[in-house]
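Structure file work-v2.pdb (PDB, C-alpha atoms) is printed below.
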```pdb
ATOM      1  CA  MET A 300      23.744   4.809   0.467
ATOM      2  CA  VAL A 301      20.591   6.794   1.176
ATOM      3  CA  TYR A 302      18.635   7.598  -1.964
ATOM      4  CA  THR A 303      18.383  11.214  -3.118
ATOM      5  CA  VAL A 304      17.572  12.659  -6.511
ATOM      6  CA  GLU A 305      21.189  13.728  -6.847
ATOM      7  CA  THR A 306      22.477  10.232  -6.130
ATOM      8  CA  ARG A 307      19.778   8.240  -7.933
ATOM      9  CA  GLN A 308      21.172   4.788  -8.441
ATOM     10  CA  PRO A 309      21.519   3.624 -12.056
ATOM     11  CA  VAL A 310      20.081   0.263 -11.041
ATOM     12  CA  ILE A 311      16.603   1.817 -10.903
ATOM     13  CA  ALA A 312      16.733   2.194 -14.682
ATOM     14  CA  ARG A 313      16.823  -1.599 -14.921
ATOM     15  CA  TYR A 314      13.262  -1.825 -13.581
ATOM     16  CA  ARG A 315      12.081  -1.354 -17.127
ATOM     17  CA  HIS A 316       8.774  -3.235 -17.364
ATOM     18  CA  PRO A 317       6.180  -1.216 -15.421
ATOM     19  CA  TRP A 318       3.304  -1.950 -17.778
ATOM     20  CA  ARG A 319       3.964  -5.677 -17.845
ATOM     21  CA  PHE A 320       4.206  -5.708 -14.060
ATOM     22  CA  TYR A 321       1.026  -3.732 -13.397
ATOM     23  CA  LEU A 322      -1.047  -5.376 -16.115
ATOM     24  CA  LEU A 323      -0.354  -8.855 -14.779
ATOM     25  CA  SER A 324      -0.439  -7.767 -11.123
ATOM     26  CA  THR A 325      -3.905  -6.305 -11.639
ATOM     27  CA  ALA A 326      -5.470  -8.663 -14.181
ATOM     28  CA  ILE A 327      -4.691 -11.870 -12.278
ATOM     29  CA  PRO A 328      -6.131 -10.685  -8.935
ATOM     30  CA  TRP A 329      -9.168  -9.225 -10.693
ATOM     31  CA  VAL A 330     -10.004 -12.584 -12.305
ATOM     32  CA  LEU A 331      -9.465 -14.472  -9.052
ATOM     33  CA  TRP A 332     -11.197 -11.965  -6.780
ATOM     34  CA  PHE A 333     -14.240 -11.300  -8.947
ATOM     35  CA  THR A 334     -14.694 -15.073  -9.127
ATOM     36  CA  ALA A 335     -14.391 -15.266  -5.339
ATOM     37  CA  GLY A 336     -16.892 -12.421  -5.016
ATOM     38  CA  TRP A 337     -19.400 -14.229  -7.201
ATOM     39  CA  LEU A 338     -18.971 -17.424  -5.218
ATOM     40  CA  SER A 339     -19.277 -15.611  -1.877
ATOM     41  CA  HIS A 340     -22.828 -14.512  -2.706
ATOM     42  CA  ARG A 341     -24.097 -17.976  -3.614
ATOM     43  CA  PRO A 342     -26.809 -18.957  -1.118
ATOM     44  CA  ASP A 343     -25.700 -22.600  -1.037
ATOM     45  CA  ALA A 344     -21.996 -22.040  -0.321
ATOM     46  CA  SER A 345     -20.552 -25.372   0.811
ATOM     47  CA  ILE A 346     -17.311 -25.924   2.718
ATOM     48  CA  ALA A 347     -15.622 -26.704  -0.599
ATOM     49  CA  THR A 348     -16.852 -23.405  -2.010
ATOM     50  CA  ARG A 349     -15.598 -21.507   1.040
ATOM     51  CA  VAL A 350     -12.212 -23.180   0.711
ATOM     52  CA  LEU A 351     -12.117 -22.195  -2.958
ATOM     53  CA  ILE A 352     -12.960 -18.579  -2.038
ATOM     54  CA  ALA A 353     -10.068 -18.560   0.449
ATOM     55  CA  VAL A 354      -7.683 -20.007  -2.139
ATOM     56  CA  LEU A 355      -8.778 -17.457  -4.735
ATOM     57  CA  GLY A 356      -8.377 -14.660  -2.198
ATOM     58  CA  LEU A 357      -4.852 -15.691  -1.265
ATOM     59  CA  GLY A 358      -3.982 -16.302  -4.912
ATOM     60  CA  GLY A 359      -4.906 -12.757  -5.837
ATOM     61  CA  LEU A 360      -2.895 -11.407  -2.921
ATOM     62  CA  VAL A 361       0.338 -13.202  -3.822
ATOM     63  CA  ALA A 362      -0.006 -12.711  -7.597
ATOM     64  CA  PRO A 363       1.879  -9.352  -7.704
ATOM     65  CA  LEU A 364       4.715 -10.881  -5.687
ATOM     66  CA  GLY A 365       4.940 -13.732  -8.180
ATOM     67  CA  VAL A 366       5.009 -11.276 -11.079
ATOM     68  CA  ALA A 367       7.713  -9.207  -9.374
ATOM     69  CA  TRP A 368       9.835 -12.295  -8.770
ATOM     70  CA  ALA A 369       9.417 -13.444 -12.372
ATOM     71  CA  LEU A 370      10.740 -10.077 -13.594
ATOM     72  CA  VAL A 371      13.531  -9.754 -11.029
ATOM     73  CA  ARG A 372      14.908 -13.278 -11.322
ATOM     74  CA  GLN A 373      15.891 -12.699 -14.950
ATOM     75  CA  ASP A 374      18.444 -10.049 -13.997
ATOM     76  CA  PRO A 375      21.240 -10.800 -11.474
ATOM     77  CA  VAL A 376      21.698  -7.073 -10.832
ATOM     78  CA  LEU A 377      18.038  -6.744  -9.846
ATOM     79  CA  ARG A 378      18.225  -9.838  -7.670
ATOM     80  CA  ALA A 379      21.177  -8.358  -5.825
ATOM     81  CA  ASP A 380      19.444  -4.984  -5.534
ATOM     82  CA  VAL A 381      16.257  -6.461  -4.061
ATOM     83  CA  LEU A 382      18.241  -8.596  -1.627
ATOM     84  CA  HIS A 383      20.239  -5.550  -0.539
ATOM     85  CA  ARG A 384      17.062  -3.542   0.039
ATOM     86  CA  LEU A 385      15.646  -6.330   2.182
ATOM     87  CA  VAL A 386      18.617  -6.242   4.557
ATOM     88  CA  ASN A 387      19.925  -2.643   4.420
ATOM     89  CA  VAL A 388      18.251  -1.762   7.701
ATOM     90  CA  ARG A 389      21.270   0.265   8.843
ATOM     91  CA  GLU A 390      20.627   2.753   6.055
ATOM     92  CA  VAL A 391      17.224   3.629   7.516
ATOM     93  CA  PRO A 392      17.426   6.682   9.810
ATOM     94  CA  ALA A 393      15.639   6.581  13.139
ATOM     95  CA  TRP A 394      13.221   9.334  12.080
ATOM     96  CA  ALA A 395      11.953   7.163   9.212
ATOM     97  CA  TRP A 396      11.127   4.288  11.558
ATOM     98  CA  ALA A 397       9.356   6.789  13.825
ATOM     99  CA  VAL A 398       7.280   8.057  10.901
ATOM    100  CA  ALA A 399       6.419   4.496   9.865
ATOM    101  CA  VAL A 400       5.316   3.528  13.367
ATOM    102  CA  PHE A 401       3.612   6.671  14.657
ATOM    103  CA  LEU A 402       2.345   8.783  11.750
ATOM    104  CA  LEU A 403      -0.793   6.865  10.739
ATOM    105  CA  PRO A 404      -1.907   5.905  14.280
ATOM    106  CA  GLY A 405      -1.115   9.436  15.437
ATOM    107  CA  ALA A 406      -3.289  10.908  12.677
ATOM    108  CA  LEU A 407      -6.100   8.531  13.663
ATOM    109  CA  LEU A 408      -5.927   9.489  17.342
ATOM    110  CA  LEU A 409      -5.784  13.188  16.471
ATOM    111  CA  GLY A 410      -8.746  12.718  14.143
ATOM    112  CA  THR A 411     -10.616  10.981  16.961
ATOM    113  CA  ALA A 412      -9.915  13.879  19.312
ATOM    114  CA  LEU A 413     -11.134  16.354  16.695
ATOM    115  CA  SER A 414     -14.317  14.324  16.194
ATOM    116  CA  LEU A 415     -15.424  14.716  19.803
ATOM    117  CA  PRO A 416     -16.512  18.385  19.512
ATOM    118  CA  LEU A 417     -18.513  17.310  16.470
ATOM    119  CA  GLY A 418     -20.603  15.016  18.644
ATOM    120  CA  TYR A 419     -18.874  11.669  18.123
ATOM    121  CA  SER A 420     -18.419   9.321  21.061
ATOM    122  CA  PRO A 421     -15.272   9.237  23.237
ATOM    123  CA  ASP A 422     -15.725   5.442  23.183
ATOM    124  CA  GLN A 423     -13.732   5.630  19.944
ATOM    125  CA  PHE A 424     -10.606   5.633  22.133
ATOM    126  CA  LEU A 425     -11.520   2.185  23.467
ATOM    127  CA  LEU A 426      -9.841  -0.898  22.048
ATOM    128  CA  ARG A 427     -12.031  -2.893  19.691
ATOM    129  CA  GLY A 428     -11.009  -6.273  21.052
ATOM    130  CA  GLY A 429     -11.283  -7.822  17.599
ATOM    131  CA  VAL A 430     -11.617  -6.761  13.989
ATOM    132  CA  SER A 431     -14.431  -5.070  12.100
ATOM    133  CA  PHE A 432     -14.578  -7.606   9.289
ATOM    134  CA  THR A 433     -14.352 -11.303   8.525
ATOM    135  CA  ALA A 434     -12.407 -13.029   5.792
ATOM    136  CA  GLY A 435     -14.230 -16.290   5.321
ATOM    137  CA  LEU A 436     -12.144 -19.259   6.364
ATOM    138  CA  ILE A 437      -9.020 -17.082   6.669
ATOM    139  CA  PRO A 438      -8.611 -15.528  10.142
ATOM    140  CA  ALA A 439      -9.190 -11.788   9.817
ATOM    141  CA  TRP A 440      -6.082 -10.907  11.816
ATOM    142  CA  LEU A 441      -4.009 -13.062   9.492
ATOM    143  CA  THR A 442      -5.370 -11.184   6.494
ATOM    144  CA  LEU A 443      -4.777  -7.874   8.236
ATOM    145  CA  THR A 444      -1.113  -8.641   8.950
ATOM    146  CA  LEU A 445      -0.206 -10.838   5.988
ATOM    147  CA  ALA A 446      -1.453  -8.472   3.293
ATOM    148  CA  PRO A 447       1.023  -5.629   4.045
ATOM    149  CA  VAL A 448       3.961  -8.025   3.994
ATOM    150  CA  VAL A 449       3.045  -9.719   0.730
ATOM    151  CA  GLU A 450       1.953  -6.502  -0.984
ATOM    152  CA  GLU A 451       5.033  -4.448  -0.140
ATOM    153  CA  LEU A 452       7.328  -7.288  -1.159
ATOM    154  CA  ALA A 453       5.789  -6.765  -4.604
ATOM    155  CA  TRP A 454       5.070  -3.041  -4.799
ATOM    156  CA  HIS A 455       8.425  -1.934  -3.430
ATOM    157  CA  SER A 456      10.576  -4.720  -4.788
ATOM    158  CA  TYR A 457       9.625  -3.894  -8.376
ATOM    159  CA  GLY A 458       6.484  -1.851  -8.998
ATOM    160  CA  THR A 459       7.356   1.515  -7.473
ATOM    161  CA  ASP A 460      10.858   1.697  -8.924
ATOM    162  CA  ALA A 461       9.549   0.627 -12.326
ATOM    163  CA  LEU A 462       7.452   3.800 -12.407
ATOM    164  CA  ALA A 463      10.114   5.989 -10.782
ATOM    165  CA  SER A 464      12.631   4.942 -13.428
ATOM    166  CA  ARG A 465      10.513   6.916 -15.909
ATOM    167  CA  TRP A 466       8.673   9.541 -13.888
ATOM    168  CA  THR A 467       9.094  11.829 -10.898
ATOM    169  CA  VAL A 468       8.338  10.434  -7.460
ATOM    170  CA  TRP A 469       5.250  12.671  -7.375
ATOM    171  CA  ARG A 470       3.798  11.270 -10.583
ATOM    172  CA  THR A 471       4.861   7.780  -9.582
ATOM    173  CA  SER A 472       2.940   8.089  -6.318
ATOM    174  CA  LEU A 473      -0.218   9.412  -7.966
ATOM    175  CA  VAL A 474      -0.238   6.796 -10.726
ATOM    176  CA  PHE A 475       0.421   3.976  -8.297
ATOM    177  CA  GLY A 476      -2.274   5.301  -5.963
ATOM    178  CA  LEU A 477      -4.780   5.122  -8.817
ATOM    179  CA  ILE A 478      -3.660   1.627  -9.791
ATOM    180  CA  TRP A 479      -3.734   0.463  -6.178
ATOM    181  CA  PHE A 480      -7.264   1.768  -5.720
ATOM    182  CA  PHE A 481      -8.510  -0.146  -8.757
ATOM    183  CA  TRP A 482      -6.511  -3.193  -7.650
ATOM    184  CA  HIS A 483      -8.672  -3.264  -4.495
ATOM    185  CA  VAL A 484     -11.998  -2.873  -6.314
ATOM    186  CA  PRO A 485     -12.898  -6.581  -6.725
ATOM    187  CA  LEU A 486     -12.269  -7.160  -3.005
ATOM    188  CA  GLY A 487     -15.367  -5.058  -2.450
ATOM    189  CA  THR A 488     -17.408  -7.871  -3.991
ATOM    190  CA  ILE A 489     -16.209 -10.613  -1.614
ATOM    191  CA  GLN A 490     -18.714 -10.898   1.191
ATOM    192  CA  GLY A 491     -17.189 -10.246   4.623
ATOM    193  CA  TYR A 492     -13.917  -8.788   3.356
ATOM    194  CA  TYR A 493     -12.786  -5.385   4.630
ATOM    195  CA  GLN A 494     -13.374  -3.592   1.336
ATOM    196  CA  ALA A 495     -16.868  -5.099   1.132
ATOM    197  CA  GLU A 496     -17.567  -3.792   4.636
ATOM    198  CA  VAL A 497     -16.401  -0.334   3.525
ATOM    199  CA  VAL A 498     -18.801  -0.415   0.559
ATOM    200  CA  GLU A 499     -21.668  -1.479   2.813
ATOM    201  CA  THR A 500     -20.873   1.318   5.281
ATOM    202  CA  GLY A 501     -21.842   3.906   2.695
ATOM    203  CA  LEU A 502     -20.749   6.269  -0.043
ATOM    204  CA  LEU A 503     -18.706   8.545   2.217
ATOM    205  CA  ALA A 504     -16.649   5.647   3.555
ATOM    206  CA  SER A 505     -16.086   4.338   0.026
ATOM    207  CA  ILE A 506     -14.962   7.744  -1.253
ATOM    208  CA  ASN A 507     -12.713   8.182   1.754
ATOM    209  CA  PHE A 508     -11.048   4.833   1.104
ATOM    210  CA  GLY A 509     -10.310   5.897  -2.472
ATOM    211  CA  VAL A 510      -8.951   9.291  -1.441
ATOM    212  CA  SER A 511      -6.936   7.942   1.499
ATOM    213  CA  VAL A 512      -4.708   5.762  -0.658
ATOM    214  CA  PHE A 513      -3.015   8.845  -2.144
ATOM    215  CA  PRO A 514      -1.615  10.451   1.037
ATOM    216  CA  PHE A 515      -0.749   6.950   2.228
ATOM    217  CA  ILE A 516       1.350   6.264  -0.875
ATOM    218  CA  ILE A 517       2.914   9.742  -0.997
ATOM    219  CA  LEU A 518       4.063   9.561   2.613
ATOM    220  CA  MET A 519       5.278   5.976   2.307
ATOM    221  CA  ASN A 520       7.275   6.750  -0.825
ATOM    222  CA  TRP A 521       8.782   9.754   0.928
ATOM    223  CA  VAL A 522      10.312   7.601   3.685
ATOM    224  CA  TYR A 523      11.126   4.835   1.190
ATOM    225  CA  TYR A 524      13.240   7.042  -1.061
ATOM    226  CA  ARG A 525      14.853   8.882   1.838
ATOM    227  CA  SER A 526      15.866   5.639   3.529
ATOM    228  CA  GLY A 527      17.912   3.649   1.044
ATOM    229  CA  ARG A 528      14.780   2.231  -0.620
ATOM    230  CA  ASN A 529      14.402  -0.140   2.294
ATOM    231  CA  ILE A 530      11.571  -2.645   1.793
ATOM    232  CA  PRO A 531      11.000  -3.692   5.444
ATOM    233  CA  LEU A 532      10.345  -0.020   6.257
ATOM    234  CA  THR A 533       7.405   0.026   3.835
ATOM    235  CA  ILE A 534       6.111  -3.228   5.320
ATOM    236  CA  VAL A 535       6.141  -1.690   8.801
ATOM    237  CA  PHE A 536       4.465   1.487   7.486
ATOM    238  CA  HIS A 537       1.686  -0.535   5.836
ATOM    239  CA  LEU A 538       1.332  -3.020   8.699
ATOM    240  CA  VAL A 539       1.031  -0.338  11.377
ATOM    241  CA  ALA A 540      -1.564   1.496   9.273
ATOM    242  CA  ASN A 541      -3.660  -1.657   8.911
ATOM    243  CA  VAL A 542      -3.469  -2.722  12.530
ATOM    244  CA  GLY A 543      -3.820   0.823  13.873
ATOM    245  CA  ASN A 544      -7.072   1.372  11.997
ATOM    246  CA  GLU A 545      -8.539  -1.785  13.554
ATOM    247  CA  LEU A 546      -7.329  -1.346  17.137
ATOM    248  CA  PHE A 547      -9.891   1.206  18.217
ATOM    249  CA  LEU A 548     -13.670   1.628  17.983
ATOM    250  CA  THR A 549     -13.201   4.330  15.390
ATOM    251  CA  HIS A 550     -16.300   5.741  13.711
ATOM    252  CA  PRO A 551     -16.100   5.628   9.881
ATOM    253  CA  ASP A 552     -16.545   9.417   9.748
ATOM    254  CA  THR A 553     -13.470   9.870  11.940
ATOM    255  CA  LYS A 554     -11.405   8.146   9.277
ATOM    256  CA  VAL A 555     -12.423  10.971   6.945
ATOM    257  CA  ILE A 556     -10.873  13.400   9.419
ATOM    258  CA  GLN A 557      -7.765  11.206   9.540
ATOM    259  CA  THR A 558      -7.499  11.403   5.758
ATOM    260  CA  GLY A 559      -7.735  15.197   5.941
ATOM    261  CA  ILE A 560      -4.897  15.285   8.479
ATOM    262  CA  LEU A 561      -2.745  13.073   6.257
ATOM    263  CA  LEU A 562      -3.468  15.276   3.247
ATOM    264  CA  LEU A 563      -2.237  18.287   5.231
ATOM    265  CA  ALA A 564       0.871  16.309   6.174
ATOM    266  CA  CYS A 565       1.421  15.584   2.470
ATOM    267  CA  VAL A 566       1.267  19.295   1.643
ATOM    268  CA  VAL A 567       4.013  19.993   4.190
ATOM    269  CA  VAL A 568       6.178  17.031   3.171
ATOM    270  CA  VAL A 569       5.876  17.567  -0.579
ATOM    271  CA  TRP A 570       6.641  21.285  -0.225
ATOM    272  CA  ARG A 571       9.707  20.658   1.937
ATOM    273  CA  GLU A 572      10.853  17.784  -0.299
ATOM    274  CA  ARG A 573      10.215  19.443  -3.664
ATOM    275  CA  GLY A 574      13.555  18.231  -4.987
ATOM    276  CA  LEU A 575      12.696  14.625  -4.259
ATOM    277  CA  PHE A 576       9.155  14.698  -5.582
ATOM    278  CA  PHE A 577       9.434  16.868  -8.692
ATOM    279  CA  THR A 578      12.912  16.339 -10.153
ATOM    280  CA  LYS A 579      12.742  14.192 -13.245
ATOM    281  CA  PRO A 580      14.834  11.015 -13.151
ATOM    282  CA  ALA A 581      18.103  11.200 -15.037
ATOM    283  CA  LYS A 582      18.390   9.277 -18.286
ATOM    284  CA  LEU A 583      20.451   6.458 -16.928
ATOM    285  CA  GLY A 584      21.744   3.586 -18.993
ATOM    286  CA  ALA A 585      21.066  -0.027 -18.268
TER     287      ALA A 585
END
```
Since I need it in another form, could you write the structure as structure tokens?
Amino acid sequence: MVYTVETRQPVIARYRHPWRFYLLSTAIPWVLWFTAGWLSHRPDASIATRVLIAVLGLGGLVAPLGVAWALVRQDPVLRADVLHRLVNVREVPAWAWAVAVFLLPGALLLGTALSLPLGYSPDQFLLRGGVSFTAGLIPAWLTLTLAPVVEELAWHSYGTDALASRWTVWRTSLVFGLIWFFWHVPLGTIQGYYQAEVVETGLLASINFGVSVFPFIILMNWVYYRSGRNIPLTIVFHLVANVGNELFLTHPDTKVIQTGILLLACVVVVWRERGLFFTKPAKLGA
């Protein structure tokens, strides 16, 4: 059954530990990643140190998934719900897959086209032929593609619904966007990581990264809740966004234009889907 406000499933009310989930899912990565960041700036980093940095990086990435599993496994109803949402691909309408695959890359290409009259190079349409960052001993492409899978298996197996069980989808999206931004902060201290490259690029790029998470989350939650709460859909949405932003020789300023386009898309979507975003969840029993 496709999720709507009118047919909100009582099972969502069972995702009742948002603060426990987000506290652990943020605190554990912060400890691991700030430690990795400190180690990454040591001038005498040995192979053992680099291995430790990689382990700490991966540990922080999978921590929210471990927390989600620890909370879900205690409740057979939640286990069944998560399993269903991993396989209910037939509930996802074709338009939602199209949005997941084409929206973010389309906004980037449109932003690139709009940047040309502003004096930016048409070479931005060329393929990069690699990635713009390194990830230590972990191949950058592996990080780029693994992170969306692991993250969405956590955020949309437990975290998002835990907030939506209490709040509107609008407030849920904004609060999660803020949490997700701060969740990424320690990655900016790990030398060579994408977030560290963003920080080194400059203040505008850093601000844009922080702002861009909000339209990203709003649009992803829109297709998520209109598509049977399907988890693979969010993985595709996140994965395409990551890969799409690394495919081309995009100037950092063009990504600011992309964010503006996505914000305009959010205005249209939120206005048209006011019932979804602003109706308070019903008081459903466990």
Exercise. Give as a list in words the residues that the PyMOL selection byres ((chain A and resi 449-454) around 7) matches when applied to the coordinates above.
Key: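 In the shown coordinates, the PyMOL selection byres ((chain A and resi 449-454) around 7) covers Val361, Pro363, Leu364, Ala367, Leu445, Ala446, Pro447, Val448, His455, Ser456, Tyr457, Gly458, Thr459, Ile530, Thr533 and Ile534 of chain A.
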Put those residues in a file: C-alpha atoms, as a short mmCIF file (atom, residue, chain, number, x, y, z; two decimals), in the coordinates of the input.
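After the write, again_33.cif holds the following:
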```
data_model
loop_
_atom_site.label_atom_id
_atom_site.label_comp_id
_atom_site.auth_asym_id
_atom_site.auth_seq_id
_atom_site.Cartn_x
_atom_site.Cartn_y
_atom_site.Cartn_z
CA VAL A 361 0.34 -13.20 -3.82
CA PRO A 363 1.88 -9.35 -7.70
CA LEU A 364 4.72 -10.88 -5.69
CA ALA A 367 7.71 -9.21 -9.37
CA LEU A 445 -0.21 -10.84 5.99
CA ALA A 446 -1.45 -8.47 3.29
CA PRO A 447 1.02 -5.63 4.04
CA VAL A 448 3.96 -8.02 3.99
CA HIS A 455 8.43 -1.93 -3.43
CA SER A 456 10.58 -4.72 -4.79
CA TYR A 457 9.62 -3.89 -8.38
CA GLY A 458 6.48 -1.85 -9.00
CA THR A 459 7.36 1.52 -7.47
CA ILE A 530 11.57 -2.64 1.79
CA THR A 533 7.40 0.03 3.84
CA ILE A 534 6.11 -3.23 5.32
#
```
Quiz item: How would you write, as a ChimeraX atom specification, the residues chosen by the PyMOL selection byres ((chain A and resi 462-477) around 8) on this structure?
Solution: /A:311-315,317,458-461,478-481,512-513,516-517,520,575-580
Practice problem: Name the residues that the PyMOL selection byres ((chain A and resi 331) around 9) pulls out of this structure, and write them as a ChimeraX atom specification. | Solution: /A:326-330,332-336,352,355-356,358-359,485
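Here atom CA of Ile560 of chain A is placed at a distance of 10.3 Å from atom CA of Ser511 of chain A.
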Near segment 427-436 of chain A, 12 Å: segment 520-546 of chain A residue rows, closest pairs, only C-alpha atoms, as a tab-separated table:
```
residue	atom	partner	partner_atom	distance
A:Asn541	CA	A:Val430	CA	10.7
A:Val542	CA	A:Val430	CA	9.2
A:Gly543	CA	A:Arg427	CA	10.7
A:Asn544	CA	A:Val430	CA	9.5
A:Glu545	CA	A:Val430	CA	5.9
A:Leu546	CA	A:Arg427	CA	5.6
```
Self-check item: Top pick for closest residue to Leu382 of chain A, considering A:Leu402, A:Phe508, A:Lys554, A:Asn529 and counting all atoms listed in the file
Solution: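 Of the candidates, the smallest distance to Leu382 of chain A is held by A:Asn529.
Going from atom CA of Gly527 of chain A to atom CA of His383 of chain A covers 9.6 Å.
Nearest to Pro375 of chain A of all the residues A:Ala399, A:Val310, A:Ala344, A:Val354 is A:Val310, counting all atoms listed in the file.
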Quiz item: Could you pull the residues within 6 Å of segment 486-489 of chain A, counting all atoms listed in the file, minus those fewer than 4 positions along the same chain, as a PyMOL selection string?
Solution: chain A and resi 336+339+494-495
Self-check item: Length of the atom CA of Val391 of chain A to atom CA of Gln373 of chain A vector [Å]
Solution: 27.8 Å
May I have the residues within 12 Å of Gly418 of chain A as a PDB file with C-alpha atoms, in the frame of the given file, using only C-alpha atoms and disregarding those fewer than 4 positions away in the same chain?
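Dumped to around.pdb:
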```
ATOM      1  CA  THR A 411     -10.616  10.981  16.961  1.00  0.00           C
ATOM      2  CA  ALA A 412      -9.915  13.879  19.312  1.00  0.00           C
ATOM      3  CA  LEU A 413     -11.134  16.354  16.695  1.00  0.00           C
ATOM      4  CA  SER A 414     -14.317  14.324  16.194  1.00  0.00           C
ATOM      5  CA  ASP A 422     -15.725   5.442  23.183  1.00  0.00           C
ATOM      6  CA  GLN A 423     -13.732   5.630  19.944  1.00  0.00           C
ATOM      7  CA  HIS A 550     -16.300   5.741  13.711  1.00  0.00           C
ATOM      8  CA  ASP A 552     -16.545   9.417   9.748  1.00  0.00           C
ATOM      9  CA  THR A 553     -13.470   9.870  11.940  1.00  0.00           C
TER      10      THR A 553
END
```
